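The structure file work-v4.tsv is reproduced below (TSV, C-alpha atoms).
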```
chain	number	residue	atom	x	y	z
A	1	MET	CA	0.00	0.00	0.00
A	2	ASN	CA	1.58	3.26	-1.21
A	3	VAL	CA	0.48	5.88	1.34
A	4	ARG	CA	2.17	9.30	1.41
A	5	LEU	CA	2.32	11.62	4.42
A	6	LYS	CA	1.73	14.65	2.15
A	7	SER	CA	-1.55	13.15	0.93
A	8	ILE	CA	-2.67	12.32	4.48
A	9	ILE	CA	-2.06	15.89	5.65
A	10	ALA	CA	-3.75	17.38	2.57
A	11	ILE	CA	-6.87	15.19	2.97
A	12	ILE	CA	-7.16	16.16	6.63
A	13	ILE	CA	-6.82	19.88	5.75
A	14	GLY	CA	-9.41	19.54	2.98
A	15	SER	CA	-11.80	17.82	5.39
A	16	ALA	CA	-11.30	20.62	7.93
A	17	ILE	CA	-12.11	23.29	5.33
A	18	MET	CA	-15.23	21.44	4.22
A	19	GLY	CA	-16.41	20.77	7.77
A	20	PHE	CA	-15.92	24.41	8.68
A	21	GLY	CA	-17.76	25.60	5.58
A	22	ILE	CA	-20.78	23.40	6.16
A	23	ASN	CA	-21.14	24.43	9.80
A	24	SER	CA	-20.44	28.12	9.19
A	25	PHE	CA	-22.34	28.72	5.93
A	26	ASN	CA	-24.66	25.85	4.97
A	27	ILE	CA	-26.44	25.10	8.22
A	28	PRO	CA	-26.86	28.69	9.58
A	29	ASN	CA	-28.30	29.80	6.22
A	30	HIS	CA	-30.49	26.71	5.70
A	31	LEU	CA	-28.58	25.58	2.64
A	32	ALA	CA	-28.52	21.89	1.93
A	33	GLU	CA	-25.90	19.93	0.02
A	34	GLY	CA	-25.88	16.92	-2.22
A	35	GLY	CA	-25.08	13.28	-1.62
A	36	ILE	CA	-24.59	11.77	1.80
A	37	THR	CA	-23.40	15.12	3.12
A	38	GLY	CA	-26.68	16.70	2.06
A	39	ILE	CA	-28.68	13.97	3.76
A	40	SER	CA	-26.74	14.47	6.99
A	41	ILE	CA	-27.34	18.24	6.77
A	42	LEU	CA	-31.08	17.71	6.34
A	43	ILE	CA	-31.13	15.42	9.37
A	44	LYS	CA	-29.23	18.09	11.32
A	45	LEU	CA	-31.71	20.77	10.25
A	46	LEU	CA	-34.65	18.55	11.22
A	47	PHE	CA	-33.11	17.43	14.53
A	48	PRO	CA	-30.60	20.08	15.76
A	49	VAL	CA	-29.53	17.97	18.74
A	50	VAL	CA	-28.20	15.22	16.47
A	51	ASP	CA	-24.43	15.01	15.98
A	52	GLN	CA	-24.04	15.49	12.23
A	53	GLY	CA	-20.59	13.91	12.15
A	54	VAL	CA	-21.89	10.65	13.60
A	55	VAL	CA	-24.84	10.60	11.19
A	56	PHE	CA	-22.53	11.21	8.24
A	57	LEU	CA	-20.22	8.38	9.27
A	58	VAL	CA	-23.06	5.89	9.84
A	59	LEU	CA	-24.62	6.67	6.44
A	60	ASN	CA	-21.31	5.97	4.73
A	61	ILE	CA	-20.71	2.53	6.20
A	62	PRO	CA	-22.57	0.63	3.41
A	63	LEU	CA	-20.55	2.48	0.76
A	64	PHE	CA	-17.29	1.50	2.44
A	65	ILE	CA	-18.01	-2.06	1.35
A	66	LEU	CA	-18.24	-0.91	-2.28
A	67	GLY	CA	-15.05	1.07	-1.90
A	68	TRP	CA	-13.20	-1.89	-0.42
A	69	LYS	CA	-14.06	-4.12	-3.36
A	70	ILE	CA	-13.34	-1.60	-6.14
A	71	LEU	CA	-11.00	1.19	-5.08
A	72	GLY	CA	-7.99	-0.84	-3.98
A	73	ARG	CA	-6.18	-0.70	-0.66
A	74	THR	CA	-4.49	2.70	-1.03
A	75	SER	CA	-7.57	4.50	-2.40
A	76	PHE	CA	-9.72	2.80	0.20
A	77	PHE	CA	-7.40	3.99	2.97
A	78	TYR	CA	-7.64	7.57	1.67
A	79	THR	CA	-11.43	7.22	1.47
A	80	ILE	CA	-11.64	6.05	5.08
A	81	LEU	CA	-9.30	8.88	6.08
A	82	GLY	CA	-11.36	11.51	4.24
A	83	THR	CA	-14.69	10.24	5.52
A	84	VAL	CA	-13.60	9.90	9.14
A	85	SER	CA	-11.79	13.26	9.04
A	86	LEU	CA	-14.85	15.04	7.67
A	87	SER	CA	-17.03	13.31	10.25
A	88	VAL	CA	-14.72	14.53	13.02
A	89	PHE	CA	-14.60	18.12	11.73
A	90	LEU	CA	-18.38	18.23	11.25
A	91	SER	CA	-18.63	17.49	14.96
A	92	VAL	CA	-15.72	19.75	16.00
A	93	PHE	CA	-17.03	22.83	14.15
A	94	ASP	CA	-20.67	22.27	15.09
A	95	GLY	CA	-21.90	25.64	16.39
A	96	VAL	CA	-18.37	27.06	16.71
A	97	LEU	CA	-18.66	29.94	14.23
A	98	PRO	CA	-22.09	30.11	12.56
A	99	LEU	CA	-22.29	32.88	9.97
A	100	PRO	CA	-25.92	33.59	9.10
A	101	MET	CA	-26.21	36.21	6.36
A	102	ASN	CA	-28.97	38.49	5.13
A	103	ASP	CA	-27.73	38.06	1.57
A	104	ARG	CA	-28.34	34.39	0.86
A	105	LEU	CA	-26.70	34.57	-2.54
A	106	LEU	CA	-23.46	35.65	-0.86
A	107	ALA	CA	-23.89	32.85	1.68
A	108	SER	CA	-24.37	30.39	-1.20
A	109	LEU	CA	-21.17	31.57	-2.87
A	110	TYR	CA	-19.15	31.24	0.34
A	111	ALA	CA	-20.63	27.81	1.02
A	112	GLY	CA	-19.90	26.62	-2.52
A	113	VAL	CA	-16.31	27.84	-2.43
A	114	ALA	CA	-15.64	26.32	1.01
A	115	VAL	CA	-17.08	22.93	0.07
A	116	GLY	CA	-15.42	23.02	-3.36
A	117	VAL	CA	-11.98	23.91	-2.00
A	118	GLY	CA	-12.22	21.24	0.69
A	119	LEU	CA	-13.38	18.49	-1.67
A	120	GLY	CA	-11.01	19.68	-4.40
A	121	ILE	CA	-8.00	19.23	-2.09
A	122	ILE	CA	-9.26	15.84	-0.94
A	123	PHE	CA	-9.79	14.61	-4.51
A	124	ARG	CA	-6.50	16.11	-5.68
A	125	TYR	CA	-4.61	13.92	-3.23
A	126	GLY	CA	-6.49	10.71	-3.95
A	127	GLY	CA	-9.12	10.76	-1.23
A	128	THR	CA	-12.89	10.95	-1.12
A	129	THR	CA	-15.40	11.66	1.63
A	130	GLY	CA	-17.45	8.57	0.89
A	131	GLY	CA	-20.96	8.61	-0.48
A	132	VAL	CA	-21.38	9.96	-3.99
A	133	ASP	CA	-17.67	10.86	-3.94
A	134	ILE	CA	-16.84	7.14	-4.26
A	135	ILE	CA	-19.15	6.83	-7.26
A	136	ALA	CA	-17.68	10.01	-8.78
A	137	ARG	CA	-14.12	8.70	-8.45
A	138	LEU	CA	-15.09	5.36	-10.00
A	139	LEU	CA	-16.75	7.08	-12.98
A	140	GLN	CA	-13.69	9.28	-13.48
A	141	LYS	CA	-11.35	6.30	-13.27
A	142	TYR	CA	-13.22	3.95	-15.60
A	143	MET	CA	-15.25	6.28	-17.83
A	144	GLY	CA	-13.37	9.59	-17.74
A	145	VAL	CA	-16.39	11.48	-16.43
A	146	SER	CA	-15.60	14.73	-14.59
A	147	MET	CA	-15.92	14.28	-10.83
A	148	GLY	CA	-17.50	17.72	-10.49
A	149	ARG	CA	-20.16	16.82	-13.05
A	150	THR	CA	-21.02	13.52	-11.37
A	151	LEU	CA	-21.31	15.19	-7.98
A	152	PHE	CA	-23.50	17.94	-9.42
A	153	LEU	CA	-25.94	15.44	-10.94
A	154	GLY	CA	-26.03	13.41	-7.74
A	155	ASP	CA	-26.58	16.55	-5.73
A	156	ILE	CA	-29.63	17.52	-7.77
A	157	LEU	CA	-31.35	14.28	-6.76
A	158	VAL	CA	-30.77	14.90	-3.04
A	159	ILE	CA	-31.74	18.56	-3.33
A	160	GLY	CA	-34.97	17.55	-5.02
A	161	ALA	CA	-35.71	15.30	-2.06
A	162	SER	CA	-34.88	18.17	0.32
A	163	LEU	CA	-37.94	20.05	-0.93
A	164	PHE	CA	-39.93	18.00	1.55
A	165	TYR	CA	-38.28	20.12	4.26
A	166	LEU	CA	-36.76	23.19	2.61
A	167	ASN	CA	-38.79	25.78	0.75
A	168	LEU	CA	-38.24	26.32	-2.98
A	169	GLU	CA	-36.07	29.40	-2.41
A	170	SER	CA	-33.66	27.49	-0.15
A	171	ALA	CA	-33.47	24.65	-2.64
A	172	MET	CA	-32.65	27.08	-5.47
A	173	TYR	CA	-29.90	28.72	-3.43
A	174	THR	CA	-28.58	25.25	-2.65
A	175	LEU	CA	-28.27	24.63	-6.39
A	176	VAL	CA	-26.00	27.67	-6.51
A	177	VAL	CA	-23.90	26.12	-3.74
A	178	VAL	CA	-23.42	22.79	-5.50
A	179	PHE	CA	-22.79	24.42	-8.87
A	180	ILE	CA	-20.04	26.66	-7.46
A	181	ALA	CA	-18.58	23.70	-5.56
A	182	ALA	CA	-18.52	21.59	-8.74
A	183	ARG	CA	-16.66	24.30	-10.66
A	184	VAL	CA	-14.11	24.75	-7.86
A	185	ILE	CA	-13.58	20.97	-7.65
A	186	ASP	CA	-12.92	20.79	-11.39
A	187	PHE	CA	-10.44	23.67	-11.05
A	188	PHE	CA	-8.46	21.66	-8.50
A	189	GLN	CA	-8.73	18.52	-10.62
A	190	ASP	CA	-7.47	20.31	-13.74
A	191	GLY	CA	-4.36	21.28	-11.86
A	192	ALA	CA	-2.41	24.42	-11.18
A	193	TYR	CA	-0.22	24.00	-14.26
A	194	ALA	CA	-2.75	24.81	-16.99
A	195	GLY	CA	-1.88	26.43	-20.28
A	196	LYS	CA	-2.65	26.72	-23.97
A	197	ALA	CA	-1.67	24.48	-26.86
A	198	LEU	CA	-0.98	26.03	-30.25
A	199	THR	CA	-1.26	23.93	-33.40
A	200	ILE	CA	0.29	25.81	-36.31
A	201	ILE	CA	0.19	24.96	-40.01
A	202	SER	CA	2.47	27.16	-42.08
A	203	GLU	CA	4.70	27.29	-45.14
A	204	LYS	CA	7.44	28.78	-42.93
A	205	THR	CA	7.74	26.06	-40.33
A	206	ASP	CA	11.50	26.33	-39.78
A	207	GLU	CA	11.45	30.07	-39.15
A	208	ILE	CA	8.52	29.87	-36.72
A	209	CYS	CA	10.18	26.99	-34.84
A	210	LYS	CA	13.42	28.97	-34.52
A	211	GLN	CA	11.59	31.95	-33.00
A	212	ILE	CA	9.71	29.75	-30.54
A	213	LEU	CA	12.88	27.91	-29.50
A	214	ASP	CA	14.65	31.23	-28.99
A	215	LEU	CA	11.99	32.10	-26.41
A	216	GLY	CA	12.71	28.94	-24.44
A	217	ARG	CA	9.74	26.80	-25.40
A	218	GLY	CA	10.02	23.31	-26.85
A	219	VAL	CA	8.41	22.48	-30.17
A	220	THR	CA	7.08	19.20	-31.55
A	221	LEU	CA	6.77	18.70	-35.31
A	222	LEU	CA	3.95	16.44	-36.43
A	223	SER	CA	3.56	14.94	-39.87
A	224	GLY	CA	0.46	16.07	-41.71
A	225	LYS	CA	-1.08	15.87	-45.16
A	226	GLY	CA	-3.62	18.15	-46.79
A	227	ALA	CA	-6.75	16.21	-47.75
A	228	PHE	CA	-7.52	18.48	-50.72
A	229	SER	CA	-4.02	19.25	-51.98
A	230	GLY	CA	-2.42	15.94	-51.05
A	231	GLU	CA	0.69	17.84	-49.98
A	232	SER	CA	2.71	16.68	-46.98
A	233	LYS	CA	3.27	19.30	-44.31
A	234	GLN	CA	4.93	19.63	-40.95
A	235	VAL	CA	2.55	20.74	-38.20
A	236	ILE	CA	3.95	22.70	-35.26
A	237	TYR	CA	2.65	21.80	-31.79
A	238	VAL	CA	3.70	23.89	-28.78
A	239	VAL	CA	2.34	24.29	-25.25
A	240	VAL	CA	2.71	27.68	-23.55
A	241	SER	CA	1.48	29.36	-20.40
A	242	ARG	CA	-1.68	31.44	-20.67
A	243	ASN	CA	0.13	34.76	-20.48
A	244	GLU	CA	2.38	33.78	-23.41
A	245	VAL	CA	-0.39	33.09	-25.90
A	246	MET	CA	-0.53	36.54	-27.47
A	247	ARG	CA	3.26	36.73	-27.79
A	248	PHE	CA	3.41	33.46	-29.71
A	249	LYS	CA	0.40	34.33	-31.87
A	250	ASN	CA	2.09	37.61	-32.79
A	251	ILE	CA	5.29	35.76	-33.71
A	252	VAL	CA	3.37	33.47	-36.05
A	253	GLN	CA	1.52	36.39	-37.63
A	254	GLU	CA	4.78	38.30	-38.20
A	255	VAL	CA	6.52	35.34	-39.82
A	256	ASP	CA	3.55	34.05	-41.80
A	257	PRO	CA	0.32	36.11	-41.88
A	258	HIS	CA	-1.37	33.25	-43.74
A	259	ALA	CA	-0.57	30.59	-41.14
A	260	PHE	CA	-3.43	28.47	-39.80
A	261	VAL	CA	-3.40	28.55	-35.99
A	262	ILE	CA	-5.54	26.61	-33.50
A	263	VAL	CA	-5.45	27.49	-29.79
A	264	ASN	CA	-6.76	24.95	-27.26
A	265	ASP	CA	-7.01	24.84	-23.47
A	266	VAL	CA	-4.78	22.22	-21.88
A	267	HIS	CA	-4.81	20.99	-18.29
A	268	GLU	CA	-2.36	19.29	-15.97
A	269	VAL	CA	0.77	20.23	-17.91
A	270	LEU	CA	3.77	18.32	-16.58
A	271	GLY	CA	7.37	18.56	-17.71
A	272	GLU	CA	10.10	21.03	-18.58
A	273	GLY	CA	9.04	24.65	-18.50
A	274	PHE	CA	6.02	23.93	-16.31
A	275	THR	CA	6.82	21.55	-13.46
A	276	LEU	CA	10.50	20.92	-14.28
A	277	ASP	CA	13.31	23.40	-14.95
A	278	GLU	CA	15.92	23.13	-17.72
A	279	ASN	CA	17.91	20.71	-15.53
A	280	LYS	CA	14.90	18.38	-15.22
A	281	GLN	CA	14.51	19.33	-11.55
A	282	PRO	CA	11.12	20.08	-9.98
A	283	ILE	CA	10.23	23.75	-9.96
A	284	GLN	CA	9.66	24.95	-6.39
A	285	ASN	CA	6.53	27.11	-6.04
```
Translate the structure of the given file into structure tokens.
Amino acid sequence: MNVRLKSIIAIIIGSAIMGFGINSFNIPNHLAEGGITGISILIKLLFPVVDQGVVFLVLNIPLFILGWKILGRTSFFYTILGTVSLSVFLSVFDGVLPLPMNDRLLASLYAGVAVGVGLGIIFRYGGTTGGVDIIARLLQKYMGVSMGRTLFLGDILVIGASLFYLNLESAMYTLVVVFIAARVIDFFQDGAYAGKALTIISEKTDEICKQILDLGRGVTLLSGKGAFSGESKQVIYVVVSRNEVMRFKNIVQEVDPHAFVIVNDVHEVLGEGFTLDENKQPIQN
């Protein structure tokens, strides 16, 4: 079992942020959540004397069995760690710093960011908090489905059920919470090292490559062939940081105003110039 101390600490921190957010923003402002967390919040709103952390842990026990069979020992350990940690922090922060707000939209934004940051950190380091999180991780692993998207769809089902207790306005604000949380989770999943990929088709490939290399970026030449003309061409592929896009587009335009350029978003860029320096050593942030 390959367990890292860095991941353990990160999952605990993420659980603390999420537990704080739920107790400070969701519950005081009558905002639900999705999944098992949402069910535990509803039970807490219905029965204030109940310990939400204990309820959350008990509801997750059946899903631990699924996690044990599918996730593997390391992932299962991180799942147990995340679930138990969140359960503890839900109890620790219960009533510590409630922040009821007159502006419920603002409360929804804070709640969404807090939950999203907490879950994003947990997911980033291989953990889950049980419940729908386990299903989301399985769908991402085997089907490539975004974890944020899976959680959002699962949350809608629980929020729909919450209408039996919450009024329509609270349910609609809760949708804002889960939407913001899903976007923040995807931001963490995409990674800090995001950039842009430029695909360039030009008659002046060598000159463009020289200019790009002079600026310290690597270039990959791909073999291409025009479907209409039948001519073979070299296609330039280069990945740059977001703030370099305009500089490289201007270079291409100066060298060849007729060049065909495609710019795409890229995520989780690893390697020299992004996570490694010119000596192949990790860049310290």
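Excluding A:Ile36 and any residue on its chain fewer than 2 positions from it, the residues at most 8 Å away by all atoms listed in the file are Gly34, Gly38, Ile39, Ser40, Phe56, Leu59, Asn60, Gly130, Gly131 and Val132 of chain A.
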Store the residues picked out above, limited to C-alpha atoms, as a PDB file, keeping the file's coordinate frame.
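So result14.pdb came out as:
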```pdb
ATOM      1  CA  GLY A  34     -25.880  16.920  -2.220  1.00  0.00           C
ATOM      2  CA  GLY A  38     -26.680  16.700   2.060  1.00  0.00           C
ATOM      3  CA  ILE A  39     -28.680  13.970   3.760  1.00  0.00           C
ATOM      4  CA  SER A  40     -26.740  14.470   6.990  1.00  0.00           C
ATOM      5  CA  PHE A  56     -22.530  11.210   8.240  1.00  0.00           C
ATOM      6  CA  LEU A  59     -24.620   6.670   6.440  1.00  0.00           C
ATOM      7  CA  ASN A  60     -21.310   5.970   4.730  1.00  0.00           C
ATOM      8  CA  GLY A 130     -17.450   8.570   0.890  1.00  0.00           C
ATOM      9  CA  GLY A 131     -20.960   8.610  -0.480  1.00  0.00           C
ATOM     10  CA  VAL A 132     -21.380   9.960  -3.990  1.00  0.00           C
TER      11      VAL A 132
END
```
Within 7 Å of A:Phe93, counting only C-alpha atoms, which residues show up once you throw out same-chain ones fewer than 2 positions away? Write them as a VMD selection string, please.
chain A and resid 19 to 20 23 89 to 91 95 to 96
Spatial neighbours of A:Asp256, 10 Å, all atoms listed in the file, chain gap at least 6 places, as a PyMOL selection string
chain A and resi 201-205+207-208+250
A:Leu81 environment, 12 Å, all atoms listed in the file, sequence neighbours closer than 2 positions dropped, as a PyMOL selection string:
chain A and resi 3+7-15+57+64+74-79+83-88+122+125-130
Give me the box for stretch 201-219 of chain A as JSON, namely the centre and edge lengths in Å to one decimal of a box along x, y and z that holds every listed atom plus 5 Å on each side.
```
{"center_x": 7.4, "center_y": 27.3, "center_z": -34.8, "size_x": 24.5, "size_y": 19.6, "size_z": 30.7}
```
Determine, counting all atoms listed in the file, which protein, DNA and RNA residues have an atom within 12 Å of an atom of A:Val263; residues of the same chain fewer than 6 positions away are not included. Present the result as a ChimeraX atom specification.
/A:195-201,236-242,244-246,248-249
Generate a file of the selected residues that holds C-alpha atoms, formatted as a PDB file, in the frame of the given file.
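Result file part.pdb:
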```pdb
ATOM      1  CA  GLY A 195      -1.880  26.430 -20.280  1.00  0.00           C
ATOM      2  CA  LYS A 196      -2.650  26.720 -23.970  1.00  0.00           C
ATOM      3  CA  ALA A 197      -1.670  24.480 -26.860  1.00  0.00           C
ATOM      4  CA  LEU A 198      -0.980  26.030 -30.250  1.00  0.00           C
ATOM      5  CA  THR A 199      -1.260  23.930 -33.400  1.00  0.00           C
ATOM      6  CA  ILE A 200       0.290  25.810 -36.310  1.00  0.00           C
ATOM      7  CA  ILE A 201       0.190  24.960 -40.010  1.00  0.00           C
ATOM      8  CA  ILE A 236       3.950  22.700 -35.260  1.00  0.00           C
ATOM      9  CA  TYR A 237       2.650  21.800 -31.790  1.00  0.00           C
ATOM     10  CA  VAL A 238       3.700  23.890 -28.780  1.00  0.00           C
ATOM     11  CA  VAL A 239       2.340  24.290 -25.250  1.00  0.00           C
ATOM     12  CA  VAL A 240       2.710  27.680 -23.550  1.00  0.00           C
ATOM     13  CA  SER A 241       1.480  29.360 -20.400  1.00  0.00           C
ATOM     14  CA  ARG A 242      -1.680  31.440 -20.670  1.00  0.00           C
ATOM     15  CA  GLU A 244       2.380  33.780 -23.410  1.00  0.00           C
ATOM     16  CA  VAL A 245      -0.390  33.090 -25.900  1.00  0.00           C
ATOM     17  CA  MET A 246      -0.530  36.540 -27.470  1.00  0.00           C
ATOM     18  CA  PHE A 248       3.410  33.460 -29.710  1.00  0.00           C
ATOM     19  CA  LYS A 249       0.400  34.330 -31.870  1.00  0.00           C
TER      20      LYS A 249
END
```
Per residue of stretch 81-163 of chain A within 8 Å of stretch 177-186 of chain A, record the nearest atom pair and its distance in Å to one decimal, counting all atoms listed in the file, with rows in chain order and ascending residue number, as CSV.
```
residue,atom,partner,partner_atom,distance
A:Ser108,CA,A:Val177,CA,5.0
A:Leu109,CA,A:Val177,CA,6.2
A:Ala111,CA,A:Val177,CA,6.0
A:Gly112,CA,A:Val177,CA,4.2
A:Val113,CA,A:Ala181,CA,5.7
A:Ala114,CA,A:Ala181,CA,7.7
A:Val115,CA,A:Ala181,CA,5.9
A:Gly116,CA,A:Ala181,CA,3.9
A:Val117,CA,A:Val184,CA,6.3
A:Leu119,CA,A:Ile185,CA,6.5
A:Gly120,CA,A:Ile185,CA,4.3
A:Ser146,CA,A:Asp186,CA,7.4
A:Met147,CA,A:Asp186,CA,7.2
A:Gly148,CA,A:Ala182,CA,4.4
A:Arg149,CA,A:Ala182,CA,6.6
A:Leu151,CA,A:Ala182,CA,7.0
A:Phe152,CA,A:Ala182,CA,6.2
A:Asp155,CA,A:Val178,CA,7.0
```
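Atom pair atom CA of A:Val54 / atom CA of A:Gln189 has a distance of 28.7 Å (rounded to one decimal).
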Using all atoms listed in the file - which residues lie no farther than 12 Å from the point (6.1, 14.0, -35.5) in the file's frame? Write them as a PyMOL selection string.
chain A and resi 219-224+233-237
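Using all atoms listed in the file, the smallest distance between any of A:Pro48, A:Gly82, A:Gly230, A:Gly53 and A:Phe123 comes from A:Gly82.
The coordinates place atom CA of A:Asp265 at 19.8 Å from atom CA of A:Arg124.
Taking atom CA of A:Gln140 as the reference point, atom CA of A:Val58 is found at 25.4 Å.
Nearest residue to A:Gly160, choosing from A:Gly35, A:Phe260, A:Asp103, A:Phe187 and counting only C-alpha atoms: A:Gly35.
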Please tell me which residues are no farther than 10 Å from (-28.7, 20.0, 10.7) in the file, counting only C-alpha atoms, and write them as a ChimeraX atom specification.
/A:22-23,26-28,30-32,38-52,94
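The smallest atom-to-atom distance between A:Arg104 and any of A:Leu139, A:Val266, A:Thr174, A:Val261, using all atoms listed in the file, is found for A:Thr174.
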Can you take the partial stretch 166-174 of chain A, add all heavy atoms, and return it as a CSV table (one decimal), in the frame of the given file?
```csv
chain,number,residue,atom,x,y,z
A,166,LEU,N,-37.1,21.8,3.0
A,166,LEU,CA,-36.8,23.2,2.6
A,166,LEU,C,-37.8,23.8,1.7
A,166,LEU,O,-38.5,23.1,0.9
A,166,LEU,CB,-35.4,23.2,1.9
A,166,LEU,CG,-34.2,22.7,2.7
A,166,LEU,CD1,-32.9,22.7,1.8
A,166,LEU,CD2,-34.0,23.5,4.0
A,167,ASN,N,-37.9,25.1,1.7
A,167,ASN,CA,-38.8,25.8,0.8
A,167,ASN,C,-38.1,25.9,-0.6
A,167,ASN,O,-36.9,25.6,-0.7
A,167,ASN,CB,-39.2,27.2,1.2
A,167,ASN,CG,-38.1,28.1,1.6
A,167,ASN,OD1,-37.1,28.1,0.9
A,167,ASN,ND2,-38.2,28.9,2.6
A,168,LEU,N,-38.8,26.3,-1.6
A,168,LEU,CA,-38.2,26.3,-3.0
A,168,LEU,C,-37.1,27.3,-3.1
A,168,LEU,O,-36.1,27.0,-3.8
A,168,LEU,CB,-39.3,26.7,-4.0
A,168,LEU,CG,-38.9,26.8,-5.4
A,168,LEU,CD1,-38.4,25.4,-5.9
A,168,LEU,CD2,-40.1,27.2,-6.3
A,169,GLU,N,-37.1,28.4,-2.4
A,169,GLU,CA,-36.1,29.4,-2.4
A,169,GLU,C,-34.8,28.8,-1.9
A,169,GLU,O,-33.7,29.0,-2.5
A,169,GLU,CB,-36.4,30.7,-1.6
A,169,GLU,CG,-35.4,31.7,-1.7
A,169,GLU,CD,-35.8,33.0,-0.8
A,169,GLU,OE1,-36.7,32.8,0.0
A,169,GLU,OE2,-35.1,34.0,-1.0
A,170,SER,N,-34.9,28.1,-0.7
A,170,SER,CA,-33.7,27.5,-0.2
A,170,SER,C,-33.1,26.4,-1.1
A,170,SER,O,-31.8,26.3,-1.2
A,170,SER,CB,-34.0,26.9,1.2
A,170,SER,OG,-34.4,27.8,2.1
A,171,ALA,N,-33.9,25.7,-1.7
A,171,ALA,CA,-33.5,24.6,-2.6
A,171,ALA,C,-32.8,25.3,-3.8
A,171,ALA,O,-31.7,24.8,-4.3
A,171,ALA,CB,-34.6,23.8,-3.1
A,172,MET,N,-33.3,26.4,-4.3
A,172,MET,CA,-32.6,27.1,-5.5
A,172,MET,C,-31.3,27.7,-5.1
A,172,MET,O,-30.3,27.6,-5.9
A,172,MET,CB,-33.6,28.1,-6.0
A,172,MET,CG,-34.9,27.6,-6.6
A,172,MET,SD,-36.0,28.8,-7.2
A,172,MET,CE,-35.1,29.5,-8.7
A,173,TYR,N,-31.2,28.2,-3.9
A,173,TYR,CA,-29.9,28.7,-3.4
A,173,TYR,C,-28.9,27.6,-3.2
A,173,TYR,O,-27.7,27.7,-3.4
A,173,TYR,CB,-30.0,29.5,-2.1
A,173,TYR,CG,-30.5,31.0,-2.4
A,173,TYR,CD1,-31.6,31.5,-1.8
A,173,TYR,CD2,-29.6,31.8,-3.1
A,173,TYR,CE1,-32.0,32.8,-2.0
A,173,TYR,CE2,-30.0,33.1,-3.3
A,173,TYR,CZ,-31.2,33.6,-2.8
A,173,TYR,OH,-31.6,34.9,-3.0
A,174,THR,N,-29.4,26.4,-2.8
A,174,THR,CA,-28.6,25.2,-2.6
A,174,THR,C,-28.0,24.8,-4.0
A,174,THR,O,-26.9,24.4,-4.1
A,174,THR,CB,-29.4,24.1,-2.0
A,174,THR,OG1,-29.8,24.5,-0.7
A,174,THR,CG2,-28.5,22.8,-1.9
```
